[in-house]
$ cat input11.cif   # mmCIF, C-alpha atoms and all ligand atoms
data_my_file
#
loop_
_atom_site.label_atom_id
_atom_site.label_comp_id
_atom_site.auth_asym_id
_atom_site.auth_seq_id
_atom_site.Cartn_x
_atom_site.Cartn_y
_atom_site.Cartn_z
CA MET A 153 35.10 -43.54 -60.26
CA LYS A 154 37.77 -43.09 -57.64
CA ASN A 155 36.39 -41.99 -54.27
CA LYS A 156 38.35 -40.44 -51.43
CA ILE A 157 37.35 -42.08 -48.18
CA LEU A 158 38.32 -41.16 -44.63
CA ILE A 159 38.54 -44.15 -42.29
CA VAL A 160 38.47 -43.02 -38.67
CA GLY A 161 39.98 -45.81 -36.59
CA GLY A 162 41.64 -47.29 -39.68
CA ALA A 163 44.61 -48.68 -37.73
CA GLY A 164 42.38 -51.03 -35.73
CA TYR A 165 41.26 -54.57 -36.43
CA ILE A 166 38.23 -53.88 -38.62
CA GLY A 167 39.44 -50.51 -39.94
CA SER A 168 42.72 -51.90 -41.27
CA HIS A 169 40.94 -54.64 -43.24
CA MET A 170 38.50 -52.02 -44.52
CA ALA A 171 41.36 -49.80 -45.72
CA LYS A 172 42.86 -52.70 -47.66
CA MET A 173 39.56 -53.57 -49.32
CA LEU A 174 38.85 -49.99 -50.37
CA ALA A 175 42.42 -49.28 -51.52
CA ASN A 176 42.36 -52.46 -53.61
CA THR A 177 39.13 -51.40 -55.30
CA ASN A 178 40.42 -48.11 -56.62
CA ASN A 179 39.60 -45.76 -53.75
CA GLU A 180 41.94 -43.30 -52.11
CA VAL A 181 42.07 -43.97 -48.38
CA ILE A 182 43.06 -41.56 -45.62
CA ILE A 183 43.28 -43.02 -42.11
CA LEU A 184 42.77 -41.03 -38.93
CA ASP A 185 43.69 -42.95 -35.78
CA ASN A 186 44.97 -41.94 -32.34
CA LEU A 187 46.77 -45.30 -32.03
CA SER A 188 45.29 -45.83 -28.56
CA THR A 189 44.20 -49.32 -29.54
CA GLY A 190 45.26 -49.38 -33.19
CA PHE A 191 48.73 -50.06 -34.60
CA ARG A 192 50.83 -48.14 -37.09
CA HIS A 193 51.90 -51.39 -38.78
CA LEU A 194 48.25 -52.28 -39.53
CA ALA A 195 47.60 -48.94 -41.28
CA LYS A 196 49.35 -49.89 -44.47
CA TYR A 197 46.63 -49.15 -47.01
CA GLY A 198 46.31 -45.38 -46.87
CA GLU A 199 47.99 -42.27 -45.56
CA LEU A 200 47.95 -42.43 -41.75
CA ILE A 201 47.25 -39.26 -39.82
CA VAL A 202 47.78 -39.76 -36.11
CA GLY A 203 45.23 -37.74 -34.20
CA ASP A 204 42.18 -37.79 -32.00
CA LEU A 205 38.56 -36.86 -32.63
CA ALA A 206 38.84 -34.55 -29.62
CA ASP A 207 41.25 -32.39 -31.64
CA THR A 208 38.85 -30.12 -33.55
CA HIS A 209 41.70 -28.11 -35.12
CA LEU A 210 43.20 -31.24 -36.58
CA LEU A 211 39.78 -32.26 -37.93
CA GLU A 212 39.27 -28.85 -39.51
CA ASN A 213 42.71 -28.99 -41.16
CA LEU A 214 42.07 -32.52 -42.39
CA PHE A 215 38.79 -31.56 -44.03
CA ASN A 216 40.34 -28.36 -45.45
CA THR A 217 43.11 -30.44 -47.03
CA HIS A 218 41.00 -33.28 -48.43
CA SER A 219 37.67 -33.39 -50.17
CA PHE A 220 36.11 -36.62 -48.91
CA ASP A 221 33.30 -38.49 -50.64
CA GLY A 222 32.51 -40.43 -47.51
CA VAL A 223 33.65 -41.34 -44.00
CA ILE A 224 33.70 -44.70 -42.22
CA HIS A 225 33.81 -44.32 -38.46
CA PHE A 226 35.28 -47.21 -36.43
CA ALA A 227 37.01 -45.23 -33.68
CA ALA A 228 35.54 -46.13 -30.31
CA ASN A 229 36.28 -47.74 -27.01
CA SER A 230 34.63 -51.14 -27.06
CA LEU A 231 35.33 -53.09 -23.88
CA VAL A 232 32.01 -53.86 -22.20
CA GLY A 233 33.46 -54.36 -18.70
CA GLU A 234 35.51 -51.16 -18.82
CA SER A 235 32.46 -49.24 -20.04
CA MET A 236 30.71 -50.10 -16.77
CA THR A 237 33.60 -49.06 -14.51
CA ASN A 238 34.69 -46.00 -16.51
CA PRO A 239 31.57 -44.70 -18.30
CA ALA A 240 33.02 -41.17 -18.55
CA LYS A 241 35.67 -42.45 -20.95
CA TYR A 242 33.00 -44.09 -23.12
CA TYR A 243 30.67 -41.09 -23.25
CA ARG A 244 33.59 -38.73 -23.95
CA ASN A 245 35.26 -40.77 -26.68
CA ASN A 246 32.31 -42.51 -28.29
CA ILE A 247 29.78 -39.67 -28.12
CA SER A 248 31.61 -36.39 -28.00
CA GLY A 249 34.32 -37.62 -30.40
CA THR A 250 31.58 -38.58 -32.86
CA LEU A 251 29.86 -35.20 -32.46
CA ASN A 252 33.13 -33.48 -33.38
CA LEU A 253 33.36 -35.63 -36.48
CA LEU A 254 29.75 -34.89 -37.45
CA ASP A 255 30.32 -31.14 -36.93
CA VAL A 256 33.27 -31.03 -39.29
CA MET A 257 31.45 -33.20 -41.84
CA LEU A 258 28.44 -30.86 -41.82
CA ARG A 259 30.64 -27.77 -42.12
CA HIS A 260 32.41 -29.25 -45.15
CA LYS A 261 29.25 -30.73 -46.69
CA VAL A 262 30.57 -34.29 -46.49
CA LYS A 263 27.26 -36.05 -46.12
CA ASN A 264 27.96 -39.80 -46.26
CA LEU A 265 28.84 -41.70 -43.10
CA ILE A 266 29.10 -45.41 -42.34
CA PHE A 267 28.96 -45.99 -38.60
CA SER A 268 30.24 -49.00 -36.74
CA SER A 269 27.49 -50.13 -34.38
CA THR A 270 26.95 -53.33 -32.47
CA ALA A 271 24.64 -56.14 -31.42
CA ALA A 272 25.17 -54.75 -27.90
CA THR A 273 22.60 -52.04 -28.75
CA PHE A 274 19.88 -54.73 -28.55
CA GLY A 275 20.59 -55.90 -24.99
CA GLU A 276 18.96 -59.10 -23.78
CA PRO A 277 17.34 -60.75 -26.84
CA GLU A 278 13.55 -60.91 -26.82
CA TYR A 279 13.57 -63.24 -29.84
CA SER A 280 16.12 -64.87 -32.12
CA PRO A 281 17.46 -64.32 -34.73
CA ILE A 282 17.62 -60.57 -34.11
CA ASP A 283 16.36 -58.44 -36.97
CA GLU A 284 16.31 -54.65 -37.31
CA ASN A 285 12.87 -54.41 -35.65
CA HIS A 286 14.10 -55.94 -32.42
CA PRO A 287 13.81 -53.48 -29.49
CA GLN A 288 17.08 -51.77 -28.57
CA LYS A 289 17.61 -51.84 -24.80
CA PRO A 290 21.35 -52.01 -24.17
CA ILE A 291 22.48 -53.44 -20.83
CA ASN A 292 25.95 -51.87 -20.75
CA THR A 293 27.41 -48.42 -21.28
CA TYR A 294 29.26 -49.45 -24.43
CA GLY A 295 25.98 -50.48 -26.09
CA THR A 296 24.30 -47.32 -24.79
CA THR A 297 26.92 -45.08 -26.41
CA LYS A 298 26.52 -46.83 -29.75
CA LEU A 299 22.72 -46.58 -29.57
CA MET A 300 22.97 -42.88 -28.70
CA VAL A 301 25.02 -42.29 -31.85
CA GLU A 302 22.44 -44.24 -33.88
CA LYS A 303 19.77 -41.84 -32.56
CA ILE A 304 21.94 -38.80 -33.25
CA LEU A 305 22.39 -39.99 -36.83
CA GLN A 306 18.62 -40.36 -37.23
CA ASP A 307 18.09 -36.78 -36.04
CA TYR A 308 20.83 -35.51 -38.36
CA ALA A 309 19.26 -37.31 -41.32
CA ASP A 310 15.88 -35.74 -40.46
CA ALA A 311 17.23 -32.24 -40.00
CA TYR A 312 20.19 -31.93 -42.37
CA ASP A 313 21.35 -33.11 -45.75
CA PHE A 314 23.21 -35.96 -44.06
CA ASN A 315 23.06 -39.68 -44.81
CA SER A 316 24.32 -42.58 -42.78
CA VAL A 317 24.34 -46.34 -42.51
CA CYS A 318 24.67 -47.94 -39.08
CA LEU A 319 25.99 -51.49 -39.22
CA ARG A 320 25.41 -53.63 -36.14
CA TYR A 321 28.09 -56.29 -35.95
CA PHE A 322 27.62 -59.56 -34.19
CA ASN A 323 30.95 -61.37 -33.51
CA ALA A 324 33.68 -60.08 -35.83
CA CYS A 325 36.48 -62.59 -36.28
CA GLY A 326 38.92 -64.15 -38.74
CA ALA A 327 41.74 -62.38 -40.55
CA ASP A 328 42.86 -61.18 -43.96
CA PRO A 329 42.81 -64.29 -46.21
CA GLU A 330 46.16 -63.13 -47.68
CA GLY A 331 47.71 -63.13 -44.21
CA GLU A 332 48.72 -59.45 -44.14
CA LEU A 333 46.37 -58.26 -41.39
CA GLY A 334 44.62 -59.69 -38.35
CA GLU A 335 43.46 -59.13 -34.83
CA CYS A 336 45.92 -57.49 -32.38
CA HIS A 337 43.87 -56.47 -29.36
CA ASP A 338 45.67 -55.71 -26.12
CA PRO A 339 44.21 -56.90 -23.84
CA GLU A 340 42.57 -59.60 -25.93
CA THR A 341 39.08 -60.46 -24.72
CA HIS A 342 37.54 -62.29 -27.70
CA LEU A 343 36.95 -65.99 -27.79
CA ILE A 344 38.62 -67.15 -31.01
CA PRO A 345 41.92 -65.24 -30.63
CA LEU A 346 42.07 -66.28 -26.97
CA ILE A 347 41.72 -69.97 -27.87
CA LEU A 348 44.35 -69.55 -30.59
CA GLN A 349 46.70 -67.87 -28.11
CA ALA A 350 46.26 -70.87 -25.81
CA ALA A 351 47.17 -73.08 -28.79
CA SER A 352 50.24 -71.04 -29.75
CA GLY A 353 51.59 -70.91 -26.21
CA LYS A 354 50.99 -67.18 -25.76
CA ARG A 355 48.70 -68.05 -22.84
CA GLU A 356 48.32 -71.16 -20.73
CA ALA A 357 44.65 -71.98 -21.12
CA ILE A 358 41.23 -70.75 -22.13
CA THR A 359 38.37 -70.58 -19.65
CA VAL A 360 34.84 -71.31 -20.83
CA PHE A 361 32.59 -68.71 -19.19
CA GLY A 362 29.62 -70.77 -18.03
CA ARG A 363 28.42 -74.25 -18.97
CA ASP A 364 24.95 -73.87 -17.46
CA TYR A 365 23.22 -71.78 -20.14
CA PRO A 366 19.91 -72.98 -21.59
CA THR A 367 21.55 -74.19 -24.83
CA ASP A 368 22.16 -77.75 -26.12
CA ASP A 369 25.66 -78.04 -24.65
CA GLY A 370 25.24 -75.41 -21.92
CA THR A 371 27.63 -72.84 -23.45
CA CYS A 372 26.74 -69.48 -25.02
CA ILE A 373 25.82 -69.25 -28.69
CA ARG A 374 27.12 -66.44 -30.92
CA ASP A 375 27.06 -65.51 -34.60
CA TYR A 376 30.66 -65.34 -35.85
CA ILE A 377 31.24 -63.26 -38.96
CA HIS A 378 34.43 -63.04 -41.00
CA ILE A 379 36.14 -59.65 -41.02
CA ASN A 380 36.21 -59.50 -44.83
CA ASP A 381 32.47 -60.16 -45.01
CA LEU A 382 31.93 -57.32 -42.55
CA CYS A 383 34.10 -55.07 -44.69
CA SER A 384 32.28 -55.99 -47.91
CA ALA A 385 29.04 -54.86 -46.25
CA HIS A 386 30.66 -51.48 -45.46
CA ALA A 387 31.84 -51.13 -49.04
CA LEU A 388 28.31 -51.83 -50.33
CA ALA A 389 26.80 -49.43 -47.78
CA LEU A 390 29.21 -46.72 -48.90
CA ASP A 391 28.36 -47.39 -52.53
CA SER A 392 24.64 -47.15 -51.74
CA LEU A 393 25.14 -43.65 -50.30
CA ILE A 394 27.74 -42.27 -52.69
CA ASN A 395 26.81 -43.82 -56.03
CA GLN A 396 23.17 -44.88 -55.64
CA GLN A 397 22.37 -41.76 -53.64
CA LYS A 398 20.33 -43.54 -50.98
CA SER A 399 19.43 -41.13 -48.22
CA GLY A 400 18.38 -41.05 -44.59
CA ALA A 401 19.66 -43.04 -41.63
CA LEU A 402 19.78 -46.70 -42.63
CA ARG A 403 20.44 -49.61 -40.28
CA TYR A 404 21.50 -53.19 -40.93
CA ASN A 405 22.39 -56.15 -38.75
CA LEU A 406 25.44 -58.09 -39.89
CA GLY A 407 25.97 -61.75 -39.08
CA ASN A 408 25.79 -65.13 -40.80
CA GLY A 409 22.47 -66.03 -39.23
CA ALA A 410 23.99 -69.19 -37.77
CA GLY A 411 24.87 -69.65 -34.13
CA PHE A 412 27.81 -71.62 -32.74
CA SER A 413 28.28 -72.47 -29.09
CA VAL A 414 31.55 -71.78 -27.27
CA GLN A 415 32.06 -75.56 -27.16
CA GLN A 416 31.50 -75.87 -30.92
CA VAL A 417 34.04 -73.09 -31.53
CA LEU A 418 36.51 -74.89 -29.26
CA ASP A 419 35.98 -78.15 -31.18
CA VAL A 420 36.64 -76.48 -34.55
CA VAL A 421 39.72 -74.61 -33.30
CA GLN A 422 41.15 -77.71 -31.65
CA ALA A 423 40.77 -79.68 -34.89
CA VAL A 424 42.50 -76.94 -36.93
CA VAL A 425 45.45 -76.42 -34.55
CA ALA A 426 45.92 -80.19 -34.17
CA GLU A 427 47.18 -80.18 -37.78
CA ASP A 428 50.17 -78.24 -36.42
CA ASN A 429 50.45 -80.54 -33.40
CA CYS A 430 49.16 -77.79 -31.09
CA THR A 431 46.70 -78.38 -28.27
CA VAL A 432 44.47 -76.16 -26.16
CA GLN A 433 44.07 -76.47 -22.42
CA VAL A 434 40.42 -75.75 -21.56
CA LEU A 435 39.17 -74.73 -18.13
CA SER A 436 35.59 -74.15 -17.01
CA GLY A 437 34.68 -70.97 -15.17
CA GLU A 438 31.77 -68.88 -14.00
CA ARG A 439 29.45 -67.03 -16.34
CA ARG A 440 30.71 -63.59 -17.42
CA ALA A 441 28.35 -60.81 -16.33
CA GLY A 442 26.14 -59.45 -19.08
CA ASP A 443 26.47 -62.39 -21.50
CA PRO A 444 23.10 -63.38 -23.05
CA ALA A 445 22.76 -67.12 -23.78
CA VAL A 446 22.16 -66.67 -27.51
CA LEU A 447 22.95 -63.82 -29.93
CA VAL A 448 22.27 -64.53 -33.60
CA ALA A 449 21.64 -61.99 -36.38
CA ASP A 450 18.95 -61.93 -38.98
CA ALA A 451 20.87 -60.16 -41.75
CA GLN A 452 18.35 -60.60 -44.55
CA LYS A 453 17.74 -56.87 -44.82
CA ALA A 454 21.41 -56.22 -45.67
CA GLN A 455 21.30 -59.06 -48.17
CA LYS A 456 18.18 -57.74 -49.88
CA GLU A 457 18.84 -54.01 -49.80
CA LEU A 458 22.63 -53.85 -50.12
CA GLY A 459 23.07 -57.04 -52.13
CA TRP A 460 25.44 -58.29 -49.44
CA GLN A 461 26.51 -61.93 -49.46
CA PRO A 462 28.94 -63.28 -46.87
CA ILE A 463 31.44 -65.60 -48.57
CA PHE A 464 33.63 -66.82 -45.69
CA ASN A 465 30.61 -68.05 -43.80
CA ASP A 466 31.87 -71.32 -42.45
CA LEU A 467 33.51 -71.37 -39.08
CA GLU A 468 36.43 -73.55 -40.13
CA THR A 469 37.55 -71.04 -42.78
CA ILE A 470 37.27 -68.21 -40.26
CA VAL A 471 39.38 -70.16 -37.77
CA ARG A 472 41.97 -71.13 -40.40
CA HIS A 473 42.52 -67.49 -41.37
CA ALA A 474 42.78 -66.41 -37.73
CA TRP A 475 45.18 -69.29 -36.96
CA ALA A 476 47.43 -68.35 -39.90
CA TRP A 477 47.67 -64.82 -38.43
CA GLU A 478 48.31 -66.07 -34.90
CA LYS A 479 51.10 -68.35 -36.16
CA GLN A 480 52.74 -65.39 -37.91
CA LEU A 481 52.55 -63.28 -34.74
CA ARG A 482 54.24 -66.04 -32.71
CA ASN A 483 56.71 -66.98 -35.44
CA LEU A 484 55.22 -70.46 -35.76
CA ALA A 485 54.40 -70.19 -39.46
N1 LIG B 501 34.04 -66.52 -23.90
C1 LIG B 501 34.55 -67.53 -23.10
N2 LIG B 501 35.83 -67.40 -22.63
C2 LIG B 501 36.62 -66.33 -22.93
C3 LIG B 501 36.10 -65.31 -23.75
C4 LIG B 501 34.80 -65.44 -24.23
O1 LIG B 501 33.88 -68.51 -22.81
O2 LIG B 501 37.77 -66.28 -22.45
C5 LIG B 501 32.66 -66.62 -24.41
C6 LIG B 501 31.77 -65.46 -23.99
O3 LIG B 501 31.16 -65.72 -22.76
C7 LIG B 501 30.77 -65.42 -25.15
C8 LIG B 501 31.57 -65.93 -26.35
O4 LIG B 501 32.71 -66.58 -25.81
O5 LIG B 501 29.73 -66.33 -24.92
C9 LIG B 501 32.02 -64.80 -27.25
O6 LIG B 501 32.66 -63.80 -26.46
P1 LIG B 501 33.49 -62.63 -27.09
O7 LIG B 501 34.09 -61.85 -25.95
O8 LIG B 501 34.44 -63.16 -28.12
O9 LIG B 501 32.42 -61.76 -27.87
P2 LIG B 501 31.05 -61.08 -27.37
O10 LIG B 501 29.98 -62.09 -27.67
O11 LIG B 501 31.19 -60.75 -25.94
O12 LIG B 501 30.93 -59.88 -28.24
#
$ encode --input "input11.cif" --output "structure tokens" --more "lines below"
Ligand code: UDP
Amino acid sequence: MKNKILIVGGAGYIGSHMAKMLANTNNEVIILDNLSTGFRHLAKYGELIVGDLADTHLLENLFNTHSFDGVIHFAANSLVGESMTNPAKYYRNNISGTLNLLDVMLRHKVKNLIFSSTAATFGEPEYSPIDENHPQKPINTYGTTKLMVEKILQDYADAYDFNSVCLRYFNACGADPEGELGECHDPETHLIPLILQAASGKREAITVFGRDYPTDDGTCIRDYIHINDLCSAHALALDSLINQQKSGALRYNLGNGAGFSVQQVLDVVQAVVAEDNCTVQVLSGERRAGDPAVLVADAQKAQKELGWQPIFNDLETIVRHAWAWEKQLRNLA
């Protein structure tokens, strides 16, 4: 059965890959994006409507025009540092924008929402790997806004006929295996694309933030998950609400369950780019504020309940896809 799905933030990194996956599996996709961090050229798998969640008239018109079976909500500001210096922006966009979306969904009886949440809702890990029972004590405003929406969605599920799945991502990375889509953040803050930019000549060097963590090689450990594996979890979550009629406010952590240190990531990337005779200049710097030493997901609940299985779960494949995209961006391919 063909479903009509609204992807809010569908011109961004994760949203654009999501649109492609849904459009290619017989869904009709409508994208709403204000293009503040997304790009028109990434929104190629669905009709793009340029607009903001603050615009309640636009939302009302959109829901009057289309009868949606479900909504996937990616639109948010997501820079941890900026969230600490400009919290007003984060509360306004991430909370009040979401409330506007929920209002229009309730009014139009669209009751299925997949919400993009984050490992940042957990804060400093109390144990590892992090499962869904881990306490949620965010240490930055970005994580706080995402946790607040998780709580709002729980209250809505309790009070209204409204179902949601919150997916907490660990480190999203990689690119479309067919090379059509990839990461285009500006400014870029994420480790893998930054290393690749140092390899492609877009930037001079990469700085390792801290080599004195209590890990084997002293650098931070993260759980890197391929963008298509993230998207397949969203597709399954949507299916569980729309077709299997699961209800309530469900939550799943999404990662591979395997941690890689910054140094290990550097080693893999350097080996991959060396095949193209590219090198990476590596500098060592201070720790970045707010970085826990280790963040690894326990994603067994998503595997058991959604039937999710990551398939691009080795770091080299992730890096190869991201490098293919970076080479295209810099005309090196
Ligand atoms: N990192 C780094 N240098 C950089 C950017 C990131 O050493 O220029 C480290 C960062 O401290 C963290 C890991 O790489 O341990 C992943 O950071 P990223 O910003 O990609 O994702 P996060 O874990 O913050 O969501």
$ residues_around --input "input11.cif" --residues "A:Glu427" --least-positions-apart "6" --cutoff "12 Å" --atoms "all atoms listed in the file" --output "VMD selection string"
chain A and resid 351 420 to 421 472 475
$ closest_residue --input "input11.cif" --among "A:Ser384, A:Gln480, A:Thr208, A:Thr270" --to "A:Asn405" --atoms "all atoms listed in the file"
A:Thr270
$ residues_around --input "input11.cif" --residues "A:Ile394" --least-positions-apart "5" --cutoff "9 Å" --atoms "all atoms listed in the file" --output "list in words"
Asn155, Asp221, Gly222, Asn264 and Ala389 of chain A
$ residues_near_ligand --input "input11.cif" --ligand "ligand LIG 501 (chain B)" --cutoff "6 Å" --atoms "only C-alpha atoms and all ligand atoms" --output "list in words"
Asn323, Thr341, His342, Leu343, Ile358, Thr359, Val360, Phe361, Cys372, Val414, Arg440 and Asp443 of chain A
$ write_last_selection --input "input11.cif" --atoms "C-alpha atoms" --output "PDB file, in the frame of the given file"
ATOM      1  CA  ASN A 323      30.950 -61.370 -33.510  1.00  0.00           C
ATOM      2  CA  THR A 341      39.080 -60.460 -24.720  1.00  0.00           C
ATOM      3  CA  HIS A 342      37.540 -62.290 -27.700  1.00  0.00           C
ATOM      4  CA  LEU A 343      36.950 -65.990 -27.790  1.00  0.00           C
ATOM      5  CA  ILE A 358      41.230 -70.750 -22.130  1.00  0.00           C
ATOM      6  CA  THR A 359      38.370 -70.580 -19.650  1.00  0.00           C
ATOM      7  CA  VAL A 360      34.840 -71.310 -20.830  1.00  0.00           C
ATOM      8  CA  PHE A 361      32.590 -68.710 -19.190  1.00  0.00           C
ATOM      9  CA  CYS A 372      26.740 -69.480 -25.020  1.00  0.00           C
ATOM     10  CA  VAL A 414      31.550 -71.780 -27.270  1.00  0.00           C
ATOM     11  CA  ARG A 440      30.710 -63.590 -17.420  1.00  0.00           C
ATOM     12  CA  ASP A 443      26.470 -62.390 -21.500  1.00  0.00           C
TER      13      ASP A 443
END
$ residues_around --input "input11.cif" --residues "stretch 448-464 of chain A" --least-positions-apart "4" --cutoff "9 Å" --atoms "only C-alpha atoms" --output "ChimeraX atom specification"
/A:271,280-284,321-322,373-382,384-385,388-389,391-392,403-411,469-470
$ axis_aligned_box --input "input11.cif" --around "stretch 413-420 of chain A" --padding-each-side "6 Å" --output "AutoDock Vina command-line options"
--center_x 32.5 --center_y -75.0 --center_z -30.9 --size_x 20.4 --size_y 18.4 --size_z 19.4
$ closest_residue --input "input11.cif" --among "A:Ala324, A:Ala311, A:Ile347, A:Leu447" --to "A:Thr367" --atoms "all atoms listed in the file"
A:Leu447
$ closest_residue --input "input11.cif" --among "A:Gly162, A:Gly295, A:Gly370, A:Pro329" --to "A:Val202" --atoms "all atoms listed in the file"
A:Gly162
$ residues_around --input "input11.cif" --residues "A:Ala350" --least-positions-apart "3" --cutoff "12 Å" --atoms "all atoms listed in the file" --output "ChimeraX atom specification"
/A:340,343-347,353-359,418,421-422,425,430-435,475,478-479,482
$ atom_distance --input "input11.cif" --atom1 "atom CA of A:Ser352" --atom2 "atom CA of A:His169"
23.2 Å
$ atom_distance --input "input11.cif" --atom1 "atom CA of A:Met236" --atom2 "atom CA of A:Asn292"
6.5 Å
$ residues_around --input "input11.cif" --residues "A:Leu253" --least-positions-apart "2" --cutoff "9 Å" --atoms "all atoms listed in the file" --output "compact mmCIF listing (two decimals) with C-alpha atoms, keeping the file's coordinate frame"
# COMPACT_ATOMS: atom_id res chain seq x y z
CA LEU A 205 38.56 -36.86 -32.63
CA ALA A 206 38.84 -34.55 -29.62
CA THR A 208 38.85 -30.12 -33.55
CA LEU A 211 39.78 -32.26 -37.93
CA HIS A 225 33.81 -44.32 -38.46
CA SER A 248 31.61 -36.39 -28.00
CA GLY A 249 34.32 -37.62 -30.40
CA THR A 250 31.58 -38.58 -32.86
CA LEU A 251 29.86 -35.20 -32.46
CA ASP A 255 30.32 -31.14 -36.93
CA VAL A 256 33.27 -31.03 -39.29
CA MET A 257 31.45 -33.20 -41.84
CA LEU A 258 28.44 -30.86 -41.82
$ atom_distance --input "input11.cif" --atom1 "atom CA of A:Lys398" --atom2 "atom CA of A:Asn315"
7.8 Å
$ closest_residue --input "input11.cif" --among "A:His218, A:Arg363, A:Lys303, A:His337" --to "A:Leu402" --atoms "only C-alpha atoms"
A:Lys303
$ build_atoms --input "input11.cif" --residues "stretch 315-326 of chain A" --atoms "N, CA, C and O atoms" --output "PDB file, in the coordinates of the input"
ATOM      1  N   ASN A 315      23.485 -38.278 -44.672  1.00  0.00           N
ATOM      2  CA  ASN A 315      23.060 -39.680 -44.810  1.00  0.00           C
ATOM      3  C   ASN A 315      24.017 -40.622 -44.095  1.00  0.00           C
ATOM      4  O   ASN A 315      25.228 -40.398 -44.101  1.00  0.00           O
ATOM      5  N   SER A 316      23.457 -41.660 -43.523  1.00  0.00           N
ATOM      6  CA  SER A 316      24.320 -42.580 -42.780  1.00  0.00           C
ATOM      7  C   SER A 316      23.789 -44.001 -42.863  1.00  0.00           C
ATOM      8  O   SER A 316      22.607 -44.230 -43.086  1.00  0.00           O
ATOM      9  N   VAL A 317      24.710 -44.928 -42.661  1.00  0.00           N
ATOM     10  CA  VAL A 317      24.340 -46.340 -42.510  1.00  0.00           C
ATOM     11  C   VAL A 317      24.986 -46.840 -41.235  1.00  0.00           C
ATOM     12  O   VAL A 317      26.215 -46.756 -41.071  1.00  0.00           O
ATOM     13  N   CYS A 318      24.166 -47.323 -40.302  1.00  0.00           N
ATOM     14  CA  CYS A 318      24.670 -47.940 -39.080  1.00  0.00           C
ATOM     15  C   CYS A 318      24.712 -49.448 -39.301  1.00  0.00           C
ATOM     16  O   CYS A 318      23.699 -50.045 -39.677  1.00  0.00           O
ATOM     17  N   LEU A 319      25.856 -50.045 -39.045  1.00  0.00           N
ATOM     18  CA  LEU A 319      25.990 -51.490 -39.220  1.00  0.00           C
ATOM     19  C   LEU A 319      26.218 -52.118 -37.856  1.00  0.00           C
ATOM     20  O   LEU A 319      27.195 -51.791 -37.169  1.00  0.00           O
ATOM     21  N   ARG A 320      25.289 -52.991 -37.462  1.00  0.00           N
ATOM     22  CA  ARG A 320      25.410 -53.630 -36.140  1.00  0.00           C
ATOM     23  C   ARG A 320      26.088 -54.983 -36.305  1.00  0.00           C
ATOM     24  O   ARG A 320      25.498 -55.913 -36.844  1.00  0.00           O
ATOM     25  N   TYR A 321      27.335 -55.052 -35.806  1.00  0.00           N
ATOM     26  CA  TYR A 321      28.090 -56.290 -35.950  1.00  0.00           C
ATOM     27  C   TYR A 321      27.716 -57.260 -34.845  1.00  0.00           C
ATOM     28  O   TYR A 321      27.568 -56.860 -33.695  1.00  0.00           O
ATOM     29  N   PHE A 322      27.679 -58.526 -35.207  1.00  0.00           N
ATOM     30  CA  PHE A 322      27.620 -59.560 -34.190  1.00  0.00           C
ATOM     31  C   PHE A 322      29.088 -59.900 -33.857  1.00  0.00           C
ATOM     32  O   PHE A 322      29.804 -58.975 -33.493  1.00  0.00           O
ATOM     33  N   ASN A 323      29.578 -61.114 -33.976  1.00  0.00           N
ATOM     34  CA  ASN A 323      30.950 -61.370 -33.510  1.00  0.00           C
ATOM     35  C   ASN A 323      31.962 -61.345 -34.646  1.00  0.00           C
ATOM     36  O   ASN A 323      32.115 -62.325 -35.379  1.00  0.00           O
ATOM     37  N   ALA A 324      32.666 -60.221 -34.779  1.00  0.00           N
ATOM     38  CA  ALA A 324      33.680 -60.080 -35.830  1.00  0.00           C
ATOM     39  C   ALA A 324      34.872 -60.978 -35.523  1.00  0.00           C
ATOM     40  O   ALA A 324      35.363 -61.002 -34.387  1.00  0.00           O
ATOM     41  N   CYS A 325      35.336 -61.702 -36.524  1.00  0.00           N
ATOM     42  CA  CYS A 325      36.480 -62.590 -36.280  1.00  0.00           C
ATOM     43  C   CYS A 325      37.147 -62.952 -37.596  1.00  0.00           C
ATOM     44  O   CYS A 325      36.741 -62.476 -38.656  1.00  0.00           O
ATOM     45  N   GLY A 326      38.172 -63.791 -37.535  1.00  0.00           N
ATOM     46  CA  GLY A 326      38.920 -64.150 -38.740  1.00  0.00           C
ATOM     47  C   GLY A 326      40.000 -63.123 -39.033  1.00  0.00           C
ATOM     48  O   GLY A 326      40.258 -62.220 -38.221  1.00  0.00           O
TER      49      GLY A 326
END
